[in-house]
Amino acid sequence: MNEQGEQERAGFGASGGRWRGVVWLLPLAVGLLTSAAFISLLGAVSRRFREGGMLPWMRSWGHVPLWALGVRLDVRGLERRDAPGAKIVVFNHASLLDLFVLAALCPPRPIVLYKKELGRIPGLGWALSSLGMVSLDRSNHVAAIQSVAAAGERMRAEGASLIMAPEGTRSRRGGLQAFKLGAFHLATSTGVPLTPMILRGTASVLPMGSILARSGVVRVDFLASIESDDWRVEDVRAHAAEVREVFLGTLASEMP
């Protein structure tokens, strides 16, 4: 049985047609860009909004399109997401739908490390910038390292949650790609724990190359934090492999 079939048998993944995607495509596109532009304006003029008031807006920005498209979230472990203190939230990235899931479930005091290309999208790019999210230029290795380091400093100073995709980009062939080492170097240098956020079902609800989502269920598991205060630089690659095995084990399981 293929990956999509296994997900649907487990109770998540696409289960309906694309009629909602057709009906809502244009209204959602206009509404999301307009609301993102409004959020960027609030972020630009209000420090209080940036420091705390933005969270309900960000979550609504994610929840509304998921509701319109008939996508239900089955979430486990929210207490781990909301645990106080700095943390690095690492997630598997398989679909554009992940953007809305991340927004709907973003932790308190979020700092998103996003690829530079997203900053070119009108509305969304402005919002990310004005809210203090950190752009990552994957074509410039030195600049990318500097961006990760700056985000790490803010994370510790603000007790924030830094959100990263260790695969670096969406998986085009399904499954879990190799993990890049940025998140694990950052955990080693700061001693901040990693919280795995594992998404299942997004790739079948909105497959690569499609702009029309199907209704269905997306399962999200926030797993127990992985402590990194005793990690050493020479072991970073091994730690990345260990965390990837945690993801693989969860993705392959049929959890209730």
# chains A, B, ... in the order shown; residues from 1 in each chain; ligands from 1
>>> residues_around(residues="A:Asp74", least_positions_apart="3", cutoff="10 Å", atoms="only C-alpha atoms", output="ChimeraX atom specification")
/A:11-12,71,199-200,217-221
>>> select_by_dssp(residues="stretch 99-202 of chain A", states="helix (DSSP H, G or I)", output="ChimeraX atom specification")
/A:99-104,116-120,124-130,141-158,182-190,202
>>> residues_around(residues="stretch 125-141 of chain A", least_positions_apart="4", cutoff="7 Å", atoms="only C-alpha atoms", output="ChimeraX atom specification")
/A:36-37,39-40,43-44,50,111-116,118-121,145,147,151
>>> closest_residue(among="A:Arg172, A:Gly17, A:Leu186, A:Ser225", to="A:Ala94", atoms="only C-alpha atoms")
A:Arg172
>>> atom_distance(atom1="atom CA of A:Thr202", atom2="atom CA of A:Gln177")
15.5 Å
>>> residues_around(residues="A:Leu162", least_positions_apart="5", cutoff="10 Å", atoms="only C-alpha atoms", output="PyMOL selection string")
chain A and resi 86-90+107+109-113+133-134+148+151-152+154-156+183+194-195
>>> write_last_selection(atoms="N, CA and C atoms", output="PDB file, in the first residue's frame")
ATOM      1  N   ALA A  86      12.444  28.778  25.962  1.00  0.00           N
ATOM      2  CA  ALA A  86      12.885  28.696  24.575  1.00  0.00           C
ATOM      3  C   ALA A  86      12.888  27.252  24.105  1.00  0.00           C
ATOM      4  N   LYS A  87      12.545  27.069  22.835  1.00  0.00           N
ATOM      5  CA  LYS A  87      12.566  25.733  22.232  1.00  0.00           C
ATOM      6  C   LYS A  87      12.731  25.863  20.725  1.00  0.00           C
ATOM      7  N   ILE A  88      13.233  24.816  20.108  1.00  0.00           N
ATOM      8  CA  ILE A  88      13.336  24.746  18.657  1.00  0.00           C
ATOM      9  C   ILE A  88      12.305  23.727  18.185  1.00  0.00           C
ATOM     10  N   VAL A  89      11.280  24.188  17.505  1.00  0.00           N
ATOM     11  CA  VAL A  89      10.227  23.312  17.009  1.00  0.00           C
ATOM     12  C   VAL A  89      10.608  22.876  15.590  1.00  0.00           C
ATOM     13  N   VAL A  90      10.829  21.580  15.406  1.00  0.00           N
ATOM     14  CA  VAL A  90      11.235  21.057  14.098  1.00  0.00           C
ATOM     15  C   VAL A  90      10.081  20.239  13.524  1.00  0.00           C
ATOM     16  N   PRO A 107       3.289  28.078  18.218  1.00  0.00           N
ATOM     17  CA  PRO A 107       3.462  28.194  19.672  1.00  0.00           C
ATOM     18  C   PRO A 107       3.532  29.649  20.103  1.00  0.00           C
ATOM     19  N   ARG A 109       5.011  33.121  21.299  1.00  0.00           N
ATOM     20  CA  ARG A 109       6.253  33.822  20.989  1.00  0.00           C
ATOM     21  C   ARG A 109       7.010  33.138  19.847  1.00  0.00           C
ATOM     22  N   PRO A 110       6.366  32.980  18.701  1.00  0.00           N
ATOM     23  CA  PRO A 110       7.005  32.248  17.600  1.00  0.00           C
ATOM     24  C   PRO A 110       8.019  33.105  16.832  1.00  0.00           C
ATOM     25  N   ILE A 111       9.091  32.460  16.423  1.00  0.00           N
ATOM     26  CA  ILE A 111      10.025  33.035  15.450  1.00  0.00           C
ATOM     27  C   ILE A 111      10.138  32.019  14.332  1.00  0.00           C
ATOM     28  N   VAL A 112       9.714  32.394  13.153  1.00  0.00           N
ATOM     29  CA  VAL A 112       9.740  31.483  12.012  1.00  0.00           C
ATOM     30  C   VAL A 112      10.980  31.767  11.172  1.00  0.00           C
ATOM     31  N   LEU A 113      11.751  30.736  10.904  1.00  0.00           N
ATOM     32  CA  LEU A 113      12.878  30.838   9.982  1.00  0.00           C
ATOM     33  C   LEU A 113      12.360  30.399   8.615  1.00  0.00           C
ATOM     34  N   MET A 133      10.006  37.906  11.738  1.00  0.00           N
ATOM     35  CA  MET A 133      10.459  36.575  11.365  1.00  0.00           C
ATOM     36  C   MET A 133      11.786  36.687  10.602  1.00  0.00           C
ATOM     37  N   VAL A 134      12.493  35.593  10.492  1.00  0.00           N
ATOM     38  CA  VAL A 134      13.874  35.639   9.997  1.00  0.00           C
ATOM     39  C   VAL A 134      13.967  34.975   8.626  1.00  0.00           C
ATOM     40  N   VAL A 148      20.599  32.040  10.979  1.00  0.00           N
ATOM     41  CA  VAL A 148      20.284  31.041  12.003  1.00  0.00           C
ATOM     42  C   VAL A 148      20.835  31.478  13.358  1.00  0.00           C
ATOM     43  N   ALA A 151      18.708  34.294  14.772  1.00  0.00           N
ATOM     44  CA  ALA A 151      17.442  33.754  15.275  1.00  0.00           C
ATOM     45  C   ALA A 151      17.657  33.045  16.606  1.00  0.00           C
ATOM     46  N   GLY A 152      18.771  32.330  16.746  1.00  0.00           N
ATOM     47  CA  GLY A 152      19.068  31.639  17.999  1.00  0.00           C
ATOM     48  C   GLY A 152      19.267  32.604  19.154  1.00  0.00           C
ATOM     49  N   ARG A 154      17.932  35.598  19.445  1.00  0.00           N
ATOM     50  CA  ARG A 154      16.612  36.112  19.811  1.00  0.00           C
ATOM     51  C   ARG A 154      15.805  35.074  20.590  1.00  0.00           C
ATOM     52  N   MET A 155      15.898  33.828  20.162  1.00  0.00           N
ATOM     53  CA  MET A 155      15.157  32.758  20.821  1.00  0.00           C
ATOM     54  C   MET A 155      15.511  32.693  22.302  1.00  0.00           C
ATOM     55  N   ARG A 156      16.794  32.720  22.599  1.00  0.00           N
ATOM     56  CA  ARG A 156      17.218  32.639  24.003  1.00  0.00           C
ATOM     57  C   ARG A 156      16.859  33.911  24.764  1.00  0.00           C
ATOM     58  N   ALA A 183      19.503  23.218  12.437  1.00  0.00           N
ATOM     59  CA  ALA A 183      18.752  23.175  13.698  1.00  0.00           C
ATOM     60  C   ALA A 183      19.552  22.476  14.790  1.00  0.00           C
ATOM     61  N   LEU A 194      14.844  20.541  21.527  1.00  0.00           N
ATOM     62  CA  LEU A 194      14.067  20.457  20.295  1.00  0.00           C
ATOM     63  C   LEU A 194      12.728  19.800  20.595  1.00  0.00           C
ATOM     64  N   THR A 195      11.666  20.337  20.015  1.00  0.00           N
ATOM     65  CA  THR A 195      10.339  19.741  20.127  1.00  0.00           C
ATOM     66  C   THR A 195       9.893  19.278  18.746  1.00  0.00           C
TER      67      THR A 195
END
>>> select_by_dssp(residues="stretch 69-216 of chain A", states="strand (DSSP E)", output="ChimeraX atom specification")
/A:71-76,87-91,110-115,134-136,161-164,194-200,216
>>> residues_around(residues="A:Arg59", least_positions_apart="6", cutoff="10 Å", atoms="only C-alpha atoms", output="PyMOL selection string")
chain A and resi 100-107
>>> residues_around(residues="A:Thr250", least_positions_apart="2", cutoff="10 Å", atoms="only C-alpha atoms", output="PyMOL selection string")
chain A and resi 198-200+221+223+244-248+252-255
>>> write_last_selection(atoms="N, CA and C atoms", output="mmCIF file, in the first residue's frame")
data_model
loop_
_atom_site.group_PDB
_atom_site.id
_atom_site.type_symbol
_atom_site.label_atom_id
_atom_site.label_comp_id
_atom_site.auth_asym_id
_atom_site.auth_seq_id
_atom_site.Cartn_x
_atom_site.Cartn_y
_atom_site.Cartn_z
ATOM 1 N N ILE A 198 5.214 16.648 14.260
ATOM 2 C CA ILE A 198 5.134 15.710 13.151
ATOM 3 C C ILE A 198 3.768 15.792 12.485
ATOM 4 N N LEU A 199 3.788 16.104 11.189
ATOM 5 C CA LEU A 199 2.566 16.287 10.411
ATOM 6 C C LEU A 199 2.344 15.063 9.532
ATOM 7 N N ARG A 200 1.107 14.597 9.526
ATOM 8 C CA ARG A 200 0.734 13.487 8.643
ATOM 9 C C ARG A 200 -0.579 13.829 7.935
ATOM 10 N N ASP A 221 1.324 15.751 15.768
ATOM 11 C CA ASP A 221 1.800 15.285 17.073
ATOM 12 C C ASP A 221 2.981 16.128 17.531
ATOM 13 N N LEU A 223 5.768 15.946 20.022
ATOM 14 C CA LEU A 223 6.386 14.911 20.832
ATOM 15 C C LEU A 223 7.155 15.518 22.000
ATOM 16 N N ARG A 244 15.929 12.204 13.288
ATOM 17 C CA ARG A 244 15.240 11.769 12.076
ATOM 18 C C ARG A 244 14.602 10.391 12.282
ATOM 19 N N GLU A 245 15.260 9.521 13.026
ATOM 20 C CA GLU A 245 14.683 8.208 13.322
ATOM 21 C C GLU A 245 13.411 8.342 14.154
ATOM 22 N N VAL A 246 13.366 9.343 15.040
ATOM 23 C CA VAL A 246 12.148 9.606 15.811
ATOM 24 C C VAL A 246 11.006 9.971 14.863
ATOM 25 N N PHE A 247 11.301 10.834 13.896
ATOM 26 C CA PHE A 247 10.293 11.205 12.893
ATOM 27 C C PHE A 247 9.840 9.995 12.092
ATOM 28 N N LEU A 248 10.796 9.213 11.612
ATOM 29 C CA LEU A 248 10.438 8.044 10.809
ATOM 30 C C LEU A 248 9.582 7.066 11.586
ATOM 31 N N ALA A 252 5.603 6.217 10.598
ATOM 32 C CA ALA A 252 5.254 4.859 10.217
ATOM 33 C C ALA A 252 4.240 4.216 11.148
ATOM 34 N N SER A 253 3.988 4.836 12.288
ATOM 35 C CA SER A 253 3.114 4.213 13.295
ATOM 36 C C SER A 253 1.652 4.523 13.017
ATOM 37 N N GLU A 254 0.785 3.678 13.557
ATOM 38 C CA GLU A 254 -0.675 3.906 13.506
ATOM 39 C C GLU A 254 -1.122 4.268 14.905
ATOM 40 N N MET A 255 -1.022 5.558 15.213
ATOM 41 C CA MET A 255 -1.334 6.024 16.563
ATOM 42 C C MET A 255 -2.823 6.264 16.695
#
>>> residues_around(residues="A:Ser35", least_positions_apart="6", cutoff="10 Å", atoms="only C-alpha atoms", output="CSV table (one decimal) with N, CA and C atoms, in the first residue's frame")
chain,number,residue,atom,x,y,z
A,41,LEU,N,0.9,45.6,8.6
A,41,LEU,CA,0.7,47.0,9.0
A,41,LEU,C,0.7,47.1,10.5
A,57,TRP,N,-4.0,36.4,15.8
A,57,TRP,CA,-4.2,36.7,14.4
A,57,TRP,C,-3.5,35.7,13.5
A,58,MET,N,-2.3,35.3,13.9
A,58,MET,CA,-1.6,34.2,13.2
A,58,MET,C,-2.4,32.9,13.1
A,61,TRP,N,-5.3,33.2,10.9
A,61,TRP,CA,-4.9,33.2,9.5
A,61,TRP,C,-4.7,31.8,9.0
A,123,GLY,N,2.0,40.7,0.5
A,123,GLY,CA,1.2,40.5,1.7
A,123,GLY,C,1.9,39.6,2.7
A,124,LEU,N,2.2,38.4,2.3
A,124,LEU,CA,2.8,37.4,3.1
A,124,LEU,C,4.2,37.8,3.5
A,127,ALA,N,4.2,40.7,5.9
A,127,ALA,CA,3.8,40.3,7.2
A,127,ALA,C,5.0,39.6,7.9
>>> closest_residue(among="A:Val233, A:Ala165, A:Leu25, A:Ala224", to="A:Ser189", atoms="only C-alpha atoms")
A:Val233
>>> closest_residue(among="A:Ala68, A:Arg81, A:Arg170, A:Ser95", to="A:Ser210", atoms="only C-alpha atoms")
A:Ser95
>>> atom_distance(atom1="atom CA of A:Leu206", atom2="atom CA of A:Gly13")
9.3 Å
>>> closest_residue(among="A:Gly62, A:Pro166, A:Gly159, A:Gly191", to="A:Leu97", atoms="only C-alpha atoms")
A:Gly62
>>> atom_distance(atom1="atom CA of A:Thr169", atom2="atom CA of A:Gly182")
13.0 Å
>>> closest_residue(among="A:Ala178, A:Leu212, A:Val75, A:Leu69", to="A:Glu242", atoms="only C-alpha atoms")
A:Ala178
>>> closest_residue(among="A:Pro84, A:Arg76, A:Ser15, A:Leu251", to="A:Ala160", atoms="only C-alpha atoms")
A:Pro84
